[in-house]
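K.L.:
Contents of target-v1.pdb (PDB, C-alpha atoms) are below:
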ATOM      1  CA  MET S   1      11.912   0.932 -37.530
ATOM      2  CA  ILE S   2      11.122   4.364 -36.154
ATOM      3  CA  ASP S   3       7.424   3.395 -36.059
ATOM      4  CA  VAL S   4       8.203   0.337 -33.950
ATOM      5  CA  THR S   5      10.424   2.401 -31.674
ATOM      6  CA  PHE S   6       7.698   4.970 -31.146
ATOM      7  CA  LEU S   7       5.160   2.241 -30.395
ATOM      8  CA  LEU S   8       7.509   0.748 -27.803
ATOM      9  CA  LEU S   9       8.013   4.157 -26.244
ATOM     10  CA  ILE S  10       4.263   4.784 -25.994
ATOM     11  CA  PHE S  11       3.702   1.285 -24.551
ATOM     12  CA  PHE S  12       6.251   1.759 -21.757
ATOM     13  CA  MET S  13       5.015   5.236 -20.935
ATOM     14  CA  CYS S  14       1.418   3.984 -20.637
ATOM     15  CA  THR S  15       2.389   0.938 -18.544
ATOM     16  CA  LEU S  16       4.252   3.172 -16.105
ATOM     17  CA  ASN S  17       1.176   5.351 -15.647
ATOM     18  CA  PHE S  18      -1.020   2.330 -14.886
ATOM     19  CA  LYS S  19       1.372   1.234 -12.137
ATOM     20  CA  ALA S  20       1.026   4.625 -10.419
ATOM     21  CA  LEU S  21      -2.701   4.030  -9.767
ATOM     22  CA  GLU S  22      -1.788   2.012  -6.700
ATOM     23  CA  GLY S  23      -1.962   3.884  -3.405
ATOM     24  CA  ILE S  24      -1.406   3.342   0.308
ATOM     25  CA  LEU S  25      -3.457   3.468   3.506
ATOM     26  CA  GLN S  26      -1.464   4.432   6.581
ATOM     27  CA  ALA S  27      -1.605   2.006   9.493
ATOM     28  CA  TYR S  28      -0.436   3.731  12.625
ATOM     29  CA  LEU S  29       1.107   0.819  14.486
ATOM     30  CA  PRO S  30       1.077   1.172  18.275
ATOM     31  CA  LYS S  31       4.537   1.588  19.788
ATOM     32  CA  GLU S  32       5.959  -0.386  22.731
ATOM     33  CA  ASP S  33       3.835  -3.504  23.114
ATOM     34  CA  GLY S  34       0.665  -1.912  21.852
ATOM     35  CA  GLN S  35       0.527   0.901  24.419
ATOM     36  CA  SER S  36       1.539   4.327  23.199
ATOM     37  CA  LYS S  37       1.813   7.046  25.867
ATOM     38  CA  ALA S  38       0.518   9.611  23.384
ATOM     39  CA  PHE S  39      -2.595   7.525  22.844
ATOM     40  CA  ILE S  40      -3.188   7.105  26.591
ATOM     41  CA  ASP S  41      -2.904  10.857  27.215
ATOM     42  CA  LYS S  42      -5.297  11.819  24.439
ATOM     43  CA  GLU S  43      -7.716   8.960  24.826
ATOM     44  CA  PRO S  44      -9.889   9.163  27.892
ATOM     45  CA  GLU S  45     -12.880   7.696  26.025
ATOM     46  CA  GLU S  46     -13.528   4.027  25.532
ATOM     47  CA  PRO S  47     -12.250   2.838  22.138
ATOM     48  CA  ILE S  48     -14.584   1.546  19.438
ATOM     49  CA  THR S  49     -13.883  -2.142  18.934
ATOM     50  CA  VAL S  50     -14.643  -3.375  15.425
ATOM     51  CA  LYS S  51     -14.609  -7.164  15.229
ATOM     52  CA  LEU S  52     -14.570  -8.873  11.860
ATOM     53  CA  LEU S  53     -15.810 -12.422  12.066
ATOM     54  CA  LYS S  54     -16.301 -15.049   9.396
ATOM     55  CA  GLU S  55     -19.317 -17.313   9.646
ATOM     56  CA  GLN S  56     -20.108 -19.748   6.825
ATOM     57  CA  GLN S  57     -18.168 -17.842   4.126
ATOM     58  CA  GLU S  58     -19.809 -14.566   5.126
ATOM     59  CA  THR S  59     -18.180 -11.736   7.036
ATOM     60  CA  PHE S  60     -19.971 -10.051   9.899
ATOM     61  CA  ILE S  61     -18.940  -6.875  11.649
ATOM     62  CA  TRP S  62     -19.490  -6.418  15.338
ATOM     63  CA  VAL S  63     -19.307  -2.917  16.805
ATOM     64  CA  GLY S  64     -19.731  -3.471  20.515
ATOM     65  CA  ASP S  65     -22.838  -5.656  20.664
ATOM     66  CA  VAL S  66     -24.266  -4.477  17.333
ATOM     67  CA  LYS S  67     -23.982  -6.916  14.427
ATOM     68  CA  LEU S  68     -23.644  -5.484  10.918
ATOM     69  CA  SER S  69     -24.149  -7.704   7.890
ATOM     70  CA  GLY S  70     -25.132  -7.693   4.247
ATOM     71  CA  ALA S  71     -23.592  -6.068   1.203
ATOM     72  CA  ASP S  72     -23.895  -2.566   2.693
ATOM     73  CA  ARG S  73     -22.233  -3.508   5.999
ATOM     74  CA  TYR S  74     -19.449  -0.956   5.461
ATOM     75  CA  LYS S  75     -21.990   1.812   4.917
ATOM     76  CA  GLN S  76     -23.615   0.766   8.189
ATOM     77  CA  LEU S  77     -20.181   0.744   9.848
ATOM     78  CA  TYR S  78     -19.460   4.226   8.499
ATOM     79  CA  THR S  79     -22.744   5.560   9.948
ATOM     80  CA  LYS S  80     -22.106   3.817  13.257
ATOM     81  CA  ILE S  81     -18.514   5.043  13.707
ATOM     82  CA  ARG S  82     -19.427   8.554  12.563
ATOM     83  CA  TYR S  83     -22.214   8.654  15.157
ATOM     84  CA  ILE S  84     -19.867   7.542  17.976
ATOM     85  CA  ILE S  85     -17.061   9.884  16.852
ATOM     86  CA  ALA S  86     -19.497  12.839  16.819
ATOM     87  CA  LYS S  87     -20.260  12.168  20.480
ATOM     88  CA  THR S  88     -16.722  11.237  21.575
ATOM     89  CA  PRO S  89     -14.239  12.899  19.180
ATOM     90  CA  ASN S  90     -11.075  11.695  20.971
ATOM     91  CA  THR S  91     -11.897   8.035  20.844
ATOM     92  CA  SER S  92      -9.866   5.477  18.902
ATOM     93  CA  VAL S  93     -10.781   2.454  16.817
ATOM     94  CA  ILE S  94      -9.494  -1.039  17.521
ATOM     95  CA  ILE S  95      -9.751  -3.381  14.542
ATOM     96  CA  ASP S  96      -9.961  -6.981  15.684
ATOM     97  CA  PRO S  97     -10.240  -9.273  12.657
ATOM     98  CA  ASP S  98     -10.510 -13.033  12.754
ATOM     99  CA  ILE S  99      -7.241 -14.651  11.607
ATOM    100  CA  ASP S 100      -8.749 -16.115   8.427
ATOM    101  CA  ILE S 101     -10.581 -12.951   7.340
ATOM    102  CA  PRO S 102      -9.702 -11.918   3.751
ATOM    103  CA  PHE S 103      -7.487  -8.842   3.678
ATOM    104  CA  GLN S 104     -10.070  -6.825   1.697
ATOM    105  CA  GLU S 105     -12.330  -6.740   4.789
ATOM    106  CA  VAL S 106      -9.545  -5.209   6.893
ATOM    107  CA  ILE S 107      -8.767  -2.627   4.202
ATOM    108  CA  SER S 108     -12.467  -1.746   3.862
ATOM    109  CA  THR S 109     -12.675  -1.150   7.630
ATOM    110  CA  LEU S 110      -9.557   1.033   7.556
ATOM    111  CA  ASN S 111     -11.006   2.820   4.531
ATOM    112  CA  VAL S 112     -14.144   3.705   6.524
ATOM    113  CA  CYS S 113     -11.951   5.279   9.237
ATOM    114  CA  ARG S 114      -9.994   7.299   6.650
ATOM    115  CA  LYS S 115     -13.280   8.465   5.086
ATOM    116  CA  ILE S 116     -14.359   9.842   8.459
ATOM    117  CA  ASP S 117     -10.892  11.502   8.797
ATOM    118  CA  GLN S 118     -11.648  13.452   5.610
ATOM    119  CA  GLU S 119     -14.934  14.685   7.099
ATOM    120  CA  ARG S 120     -13.125  15.782  10.256
ATOM    121  CA  GLY S 121     -10.783  17.948   8.223
ATOM    122  CA  GLY S 122      -7.999  15.378   8.024
ATOM    123  CA  LYS S 123      -7.730  14.742  11.789
ATOM    124  CA  PRO S 124      -6.908  11.020  11.884
ATOM    125  CA  ILE S 125      -8.807   8.625  14.124
ATOM    126  CA  PRO S 126      -6.157   6.540  15.942
ATOM    127  CA  VAL S 127      -6.551   3.012  14.622
ATOM    128  CA  LYS S 128      -4.988   0.046  16.378
ATOM    129  CA  PHE S 129      -4.853  -3.590  15.409
ATOM    130  CA  THR S 130      -5.129  -6.376  17.941
ATOM    131  CA  THR S 131      -2.003  -8.429  18.476
ATOM    132  CA  LEU S 132      -1.622 -12.173  18.226
ATOM    133  CA  PRO S 133      -2.593 -13.928  21.495
ATOM    134  CA  GLU S 134       0.846 -15.524  21.936
ATOM    135  CA  GLU S 135       2.594 -12.173  21.403
ATOM    136  CA  SER S 136       0.413 -10.088  23.714
ATOM    137  CA  GLY S 137       1.003 -12.249  26.797
TER
ATOM    138  CA  MET I   1      23.892  26.532 -62.861
ATOM    139  CA  ASN I   2      21.476  23.649 -63.416
ATOM    140  CA  ARG I   3      23.988  21.190 -62.183
ATOM    141  CA  ARG I   4      24.467  23.176 -58.928
ATOM    142  CA  ASN I   5      20.685  23.220 -58.226
ATOM    143  CA  SER I   6      20.245  19.507 -58.656
ATOM    144  CA  TYR I   7      23.266  18.876 -56.422
ATOM    145  CA  SER I   8      21.876  20.987 -53.549
ATOM    146  CA  GLN I   9      18.443  19.276 -53.712
ATOM    147  CA  GLU I  10      19.991  15.821 -53.422
ATOM    148  CA  ASP I  11      22.128  16.917 -50.492
ATOM    149  CA  ILE I  12      19.230  17.972 -48.190
ATOM    150  CA  LYS I  13      18.599  15.042 -45.828
ATOM    151  CA  MET I  14      17.315  15.011 -42.297
ATOM    152  CA  ASP I  15      19.761  13.473 -39.865
ATOM    153  CA  MET I  16      17.708  11.034 -37.773
ATOM    154  CA  THR I  17      20.611   9.676 -35.723
ATOM    155  CA  PRO I  18      20.312  11.981 -32.661
ATOM    156  CA  MET I  19      16.544  11.457 -32.539
ATOM    157  CA  ILE I  20      16.884   7.667 -32.618
ATOM    158  CA  ASP I  21      19.566   7.908 -29.915
ATOM    159  CA  VAL I  22      17.237   9.884 -27.661
ATOM    160  CA  ILE I  23      14.316   7.506 -28.287
ATOM    161  CA  PHE I  24      16.445   4.440 -27.551
ATOM    162  CA  ASN I  25      17.657   6.023 -24.323
ATOM    163  CA  LEU I  26      14.056   6.703 -23.316
ATOM    164  CA  ILE I  27      13.029   3.117 -24.132
ATOM    165  CA  ILE I  28      15.899   1.705 -22.083
ATOM    166  CA  PHE I  29      14.929   3.995 -19.187
ATOM    167  CA  PHE I  30      11.256   2.954 -19.251
ATOM    168  CA  MET I  31      12.153  -0.738 -19.621
ATOM    169  CA  LEU I  32      14.440  -0.606 -16.581
ATOM    170  CA  VAL I  33      11.978   1.366 -14.460
ATOM    171  CA  THR I  34       9.098  -0.970 -15.367
ATOM    172  CA  GLN I  35      11.225  -4.007 -14.520
ATOM    173  CA  MET I  36      12.226  -2.499 -11.157
ATOM    174  CA  VAL I  37       8.585  -1.788 -10.305
ATOM    175  CA  THR I  38       7.568  -5.317 -11.326
ATOM    176  CA  VAL I  39      10.337  -6.983  -9.316
ATOM    177  CA  GLU I  40       9.501  -5.009  -6.170
ATOM    178  CA  ARG I  41       5.750  -5.301  -6.574
ATOM    179  CA  ALA I  42       4.437  -8.812  -7.169
ATOM    180  CA  GLU I  43       1.457  -9.542  -9.381
ATOM    181  CA  LEU I  44      -1.325  -9.525  -6.812
ATOM    182  CA  ILE I  45      -5.021  -8.701  -6.883
ATOM    183  CA  MET I  46      -4.942  -5.653  -4.652
ATOM    184  CA  PRO I  47      -7.721  -4.743  -2.219
ATOM    185  CA  ILE I  48      -9.739  -1.693  -3.229
ATOM    186  CA  ALA I  49      -9.867   1.467  -1.127
ATOM    187  CA  ASP I  50     -11.199   4.774  -2.408
ATOM    188  CA  GLU I  51      -9.448   6.689   0.395
ATOM    189  CA  ALA I  52      -5.998   5.307  -0.464
ATOM    190  CA  ILE I  53      -3.492   8.057  -1.153
ATOM    191  CA  GLU I  54      -0.761   8.061  -3.751
ATOM    192  CA  GLU I  55       2.671   7.267  -2.387
ATOM    193  CA  LYS I  56       5.041  10.145  -1.755
ATOM    194  CA  THR I  57       8.641   9.873  -2.940
ATOM    195  CA  GLY I  58       9.783   9.224   0.652
ATOM    196  CA  ASP I  59       7.389   6.274   1.047
ATOM    197  CA  LYS I  60       8.738   4.631  -2.091
ATOM    198  CA  GLU I  61      12.182   4.311  -0.488
ATOM    199  CA  GLY I  62      10.972   1.789   2.079
ATOM    200  CA  LEU I  63      10.738  -1.980   1.984
ATOM    201  CA  VAL I  64       7.841  -3.512   0.038
ATOM    202  CA  ILE I  65       6.554  -6.797   1.467
ATOM    203  CA  ASN I  66       4.198  -8.771  -0.770
ATOM    204  CA  ILE I  67       1.840 -11.346   0.739
ATOM    205  CA  HIS I  68       0.280 -13.866  -1.628
ATOM    206  CA  LYS I  69      -3.164 -15.390  -1.126
ATOM    207  CA  ASP I  70      -1.500 -18.636   0.033
ATOM    208  CA  ALA I  71       0.294 -16.581   2.761
ATOM    209  CA  GLN I  72       3.709 -16.750   1.061
ATOM    210  CA  ILE I  73       5.929 -13.731   1.636
ATOM    211  CA  GLU I  74       7.723 -12.189  -1.348
ATOM    212  CA  VAL I  75      10.337  -9.447  -1.182
ATOM    213  CA  SER I  76      12.138  -8.161  -4.295
ATOM    214  CA  GLY I  77      10.822 -11.019  -6.445
ATOM    215  CA  ARG I  78      11.940 -13.757  -4.017
ATOM    216  CA  ILE I  79       9.795 -15.941  -1.744
ATOM    217  CA  ILE I  80      11.295 -15.723   1.730
ATOM    218  CA  SER I  81      10.848 -17.367   5.131
ATOM    219  CA  TRP I  82       9.867 -15.595   8.370
ATOM    220  CA  GLN I  83      13.488 -15.755   9.583
ATOM    221  CA  GLU I  84      14.696 -14.072   6.397
ATOM    222  CA  LEU I  85      11.969 -11.416   6.727
ATOM    223  CA  ASN I  86      12.995 -10.720  10.302
ATOM    224  CA  LYS I  87      16.632 -10.344   9.180
ATOM    225  CA  LEU I  88      15.602  -8.018   6.343
ATOM    226  CA  LEU I  89      13.514  -5.851   8.681
ATOM    227  CA  PHE I  90      16.393  -5.719  11.165
ATOM    228  CA  GLU I  91      18.750  -4.526   8.405
ATOM    229  CA  GLU I  92      16.109  -2.037   7.214
ATOM    230  CA  SER I  93      15.731  -0.623  10.737
ATOM    231  CA  LYS I  94      19.491   0.003  10.929
ATOM    232  CA  ILE I  95      19.659   2.102   7.736
ATOM    233  CA  SER I  96      18.502   5.372   9.281
ATOM    234  CA  SER I  97      17.063   6.513  12.599
ATOM    235  CA  ASP I  98      15.610   9.697  14.092
ATOM    236  CA  GLU I  99      16.723  11.628  17.228
ATOM    237  CA  ASN I 100      14.920   9.091  19.489
ATOM    238  CA  GLY I 101      16.787   6.215  17.879
ATOM    239  CA  LEU I 102      13.680   4.908  16.106
ATOM    240  CA  PRO I 103      14.043   3.749  12.493
ATOM    241  CA  THR I 104      12.753   6.249   9.929
ATOM    242  CA  ARG I 105      12.370   3.708   7.148
ATOM    243  CA  SER I 106       8.873   2.720   6.146
ATOM    244  CA  VAL I 107       7.342  -0.597   5.144
ATOM    245  CA  VAL I 108       4.554  -1.077   2.612
ATOM    246  CA  ILE I 109       2.563  -4.280   3.077
ATOM    247  CA  ARG I 110       1.041  -5.354  -0.224
ATOM    248  CA  ALA I 111      -1.300  -8.219   0.450
ATOM    249  CA  ASP I 112      -3.548 -10.049  -1.961
ATOM    250  CA  ILE I 113      -7.283  -9.397  -1.644
ATOM    251  CA  LYS I 114      -7.724 -12.995  -0.411
ATOM    252  CA  ALA I 115      -4.608 -13.176   1.779
ATOM    253  CA  PRO I 116      -5.491 -14.359   5.296
ATOM    254  CA  TYR I 117      -5.266 -11.620   7.905
ATOM    255  CA  LYS I 118      -3.072 -13.878  10.074
ATOM    256  CA  SER I 119      -0.080 -13.464   7.747
ATOM    257  CA  VAL I 120      -0.570  -9.662   7.540
ATOM    258  CA  GLN I 121      -0.753  -9.544  11.328
ATOM    259  CA  GLN I 122       2.443 -11.606  11.577
ATOM    260  CA  VAL I 123       4.249  -9.142   9.269
ATOM    261  CA  MET I 124       3.010  -6.208  11.379
ATOM    262  CA  MET I 125       4.299  -7.959  14.512
ATOM    263  CA  GLU I 126       7.723  -8.469  12.891
ATOM    264  CA  CYS I 127       7.793  -4.743  12.018
ATOM    265  CA  THR I 128       6.911  -3.782  15.599
ATOM    266  CA  LYS I 129       9.607  -6.135  16.949
ATOM    267  CA  ASN I 130      12.164  -4.264  14.840
ATOM    268  CA  LYS I 131      10.695  -0.905  15.933
ATOM    269  CA  ILE I 132       9.464  -0.058  12.431
ATOM    270  CA  TYR I 133       6.183   1.752  13.080
ATOM    271  CA  LYS I 134       5.772   3.510   9.729
ATOM    272  CA  VAL I 135       3.709   0.807   8.107
ATOM    273  CA  SER I 136       1.164   1.271   5.355
ATOM    274  CA  PHE I 137      -1.013  -1.052   3.310
ATOM    275  CA  GLY I 138      -1.003  -1.130  -0.470
ATOM    276  CA  ALA I 139      -4.416  -0.722  -2.070
ATOM    277  CA  LYS I 140      -5.865  -0.059  -5.468
ATOM    278  CA  ILE I 141      -7.281   3.437  -5.713
ATOM    279  CA  ASP I 142     -10.836   3.262  -6.966
ATOM    280  CA  LYS I 143     -12.802   6.495  -6.849
ATOM    281  CA  ASN I 144     -15.952   4.960  -8.393
TER
END
Starting from the file, lay out its structure as structure tokens.

P.N.:
Amino acid sequence: MIDVTFLLLIFFMCTLNFKALEGILQAYLPKEDGQSKAFIDKEPEEPITVKLLKEQQETFIWVGDVKLSGADRYKQLYTKIRYIIAKTPNTSVIIDPDIDIPFQEVISTLNVCRKIDQERGGKPIPVKFTTLPEESG
Amino acid sequence: MNRRNSYSQEDIKMDMTPMIDVIFNLIIFFMLVTQMVTVERAELIMPIADEAIEEKTGDKEGLVINIHKDAQIEVSGRIISWQELNKLLFEESKISSDENGLPTRSVVIRADIKAPYKSVQQVMMECTKNKIYKVSFGAKIDKN
């Protein structure tokens, strides 16, 4: 009986540890209808707009007029954003995904921004998400 | 003399009762905690992000909103409608507020890897409507 009890104890302890492997990515939601005064004051540069579009079951990333595709599109995005941020350090990123884009694509984009934050010594790049058309009007 | 020796040898027994009590208490604790975690966090295939950070104790106190791949919203093990979610967020925003009157409670959006962005966006809009700006996304930490 004690053997069984010990096995149960070990099982629950291990299961609890596996659950803790889940983490979070902060999304800094813009205050007051998408326009934060703090952002306006600190953001004289033009924001980087990252569009995520789905075409025939494949996701494409548009940064301005540059199209990124393929399996290494997030590496390309990382290089692109890092290049722009190096030139304009106070700029922000606007993530504009298509409504039917799988959530992983959005998380991967946000992950790229957080990776650049780490390189900048933890200084976060302000990231905004576009609002629904009916809500923004 | 012989009789006394044999008596004392028979008498030495380890009392297992307190140990079993402690173990049972631990098992009950782990069972309850696991169940609470499971109820709050639905079985979803989480998106992977190597830059995701582990939740602090303060973050764990907020509301956890689960979004399934078919865009259904689940909170505390129950599928809810948009009206119910709005009501829940309103109640959540009233729990505590800072000196500017903004809610201090946080929301964790846990969406399935295949959940359409539209539903995530809708949840974010509901949070903004209720002035909850401390929103984070759940992700599986993968350092490989």

K.L.:
For chain S, work out the contacting residues on chain I at 6 Å, counting all atoms listed in the file, and write them as a VMD selection string.

P.N.:
chain I and resid 27 30 47 49 51 to 55 113 to 118 133 135 to 141

K.L.:
Filtering to C-alpha atoms, could you give me those residues as a PDB file, in the frame of the given file?

P.N.:
ATOM      1  CA  ILE I  27      13.029   3.117 -24.132  1.00  0.00           C
ATOM      2  CA  PHE I  30      11.256   2.954 -19.251  1.00  0.00           C
ATOM      3  CA  PRO I  47      -7.721  -4.743  -2.219  1.00  0.00           C
ATOM      4  CA  ALA I  49      -9.867   1.467  -1.127  1.00  0.00           C
ATOM      5  CA  GLU I  51      -9.448   6.689   0.395  1.00  0.00           C
ATOM      6  CA  ALA I  52      -5.998   5.307  -0.464  1.00  0.00           C
ATOM      7  CA  ILE I  53      -3.492   8.057  -1.153  1.00  0.00           C
ATOM      8  CA  GLU I  54      -0.761   8.061  -3.751  1.00  0.00           C
ATOM      9  CA  GLU I  55       2.671   7.267  -2.387  1.00  0.00           C
ATOM     10  CA  ILE I 113      -7.283  -9.397  -1.644  1.00  0.00           C
ATOM     11  CA  LYS I 114      -7.724 -12.995  -0.411  1.00  0.00           C
ATOM     12  CA  ALA I 115      -4.608 -13.176   1.779  1.00  0.00           C
ATOM     13  CA  PRO I 116      -5.491 -14.359   5.296  1.00  0.00           C
ATOM     14  CA  TYR I 117      -5.266 -11.620   7.905  1.00  0.00           C
ATOM     15  CA  LYS I 118      -3.072 -13.878  10.074  1.00  0.00           C
ATOM     16  CA  TYR I 133       6.183   1.752  13.080  1.00  0.00           C
ATOM     17  CA  VAL I 135       3.709   0.807   8.107  1.00  0.00           C
ATOM     18  CA  SER I 136       1.164   1.271   5.355  1.00  0.00           C
ATOM     19  CA  PHE I 137      -1.013  -1.052   3.310  1.00  0.00           C
ATOM     20  CA  GLY I 138      -1.003  -1.130  -0.470  1.00  0.00           C
ATOM     21  CA  ALA I 139      -4.416  -0.722  -2.070  1.00  0.00           C
ATOM     22  CA  LYS I 140      -5.865  -0.059  -5.468  1.00  0.00           C
ATOM     23  CA  ILE I 141      -7.281   3.437  -5.713  1.00  0.00           C
TER      24      ILE I 141
END

K.L.:
Near S:Lys51, counting all atoms listed in the file, which residues have an atom at most 7 Å away, once you skip same-chain residues fewer than 5 positions from it, shown as a PDB file with C-alpha atoms, in the coordinates of the input?

P.N.:
ATOM      1  CA  ILE S  61     -18.940  -6.875  11.649  1.00  0.00           C
ATOM      2  CA  TRP S  62     -19.490  -6.418  15.338  1.00  0.00           C
ATOM      3  CA  VAL S  63     -19.307  -2.917  16.805  1.00  0.00           C
ATOM      4  CA  ILE S  95      -9.751  -3.381  14.542  1.00  0.00           C
ATOM      5  CA  ASP S  96      -9.961  -6.981  15.684  1.00  0.00           C
ATOM      6  CA  PRO S  97     -10.240  -9.273  12.657  1.00  0.00           C
TER       7      PRO S  97
END

K.L.:
Quick one: distance from atom CA of I:Leu88 to atom CA of I:Val123 in Å, one decimal?

P.N.:
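One can read the atom CA of I:Leu88 to atom CA of I:Val123 distance as 11.8 Å.
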
K.L.:
Quick one, how far is atom CA of S:Ile125 from atom CA of I:Glu99?

P.N.:
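Pair atom CA of S:Ile125 / atom CA of I:Glu99 returns 25.9 Å.
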
K.L.:
I'd like to know which of S:Ile48, S:Leu53, S:Lys123, S:Thr59 is closest to S:Ile81, using all atoms listed in the file.

P.N.:
S:Ile48

K.L.:
What does the distance between atom CA of I:Ile48 and atom CA of I:Asn86 come to in Å, to one decimal place?

P.N.:
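Pair atom CA of I:Ile48 / atom CA of I:Asn86 returns 28.0 Å.
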
K.L.:
Using only C-alpha atoms, find the one residue out of I:Glu43, I:Glu84, I:Asp142, I:Asp98 that sits nearest to I:Asp112.

P.N.:
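Between I:Glu43, I:Glu84, I:Asp142, I:Asp98, the residue approaching I:Asp112 most closely is I:Glu43.
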
K.L.:
Got a sec to resolve the PyMOL selection byres ((chain I and resi 111) around 6) on this structure and send the residues as a PyMOL selection string?

P.N.:
chain I and resi 66-67+110+112

K.L.:
Could you tell me which residues the PyMOL selection byres ((chain I and resi 79) around 12) returns for this structure, as a ChimeraX atom specification?

P.N.:
/I:39-40,42,65-68,70-78,80-85

K.L.:
Quick check on the file I pasted: which residues fall under the PyMOL selection byres ((chain S and resi 71) around 12)? Write them as a PyMOL selection string.

P.N.:
chain S and resi 58-61+68-70+72-77+105
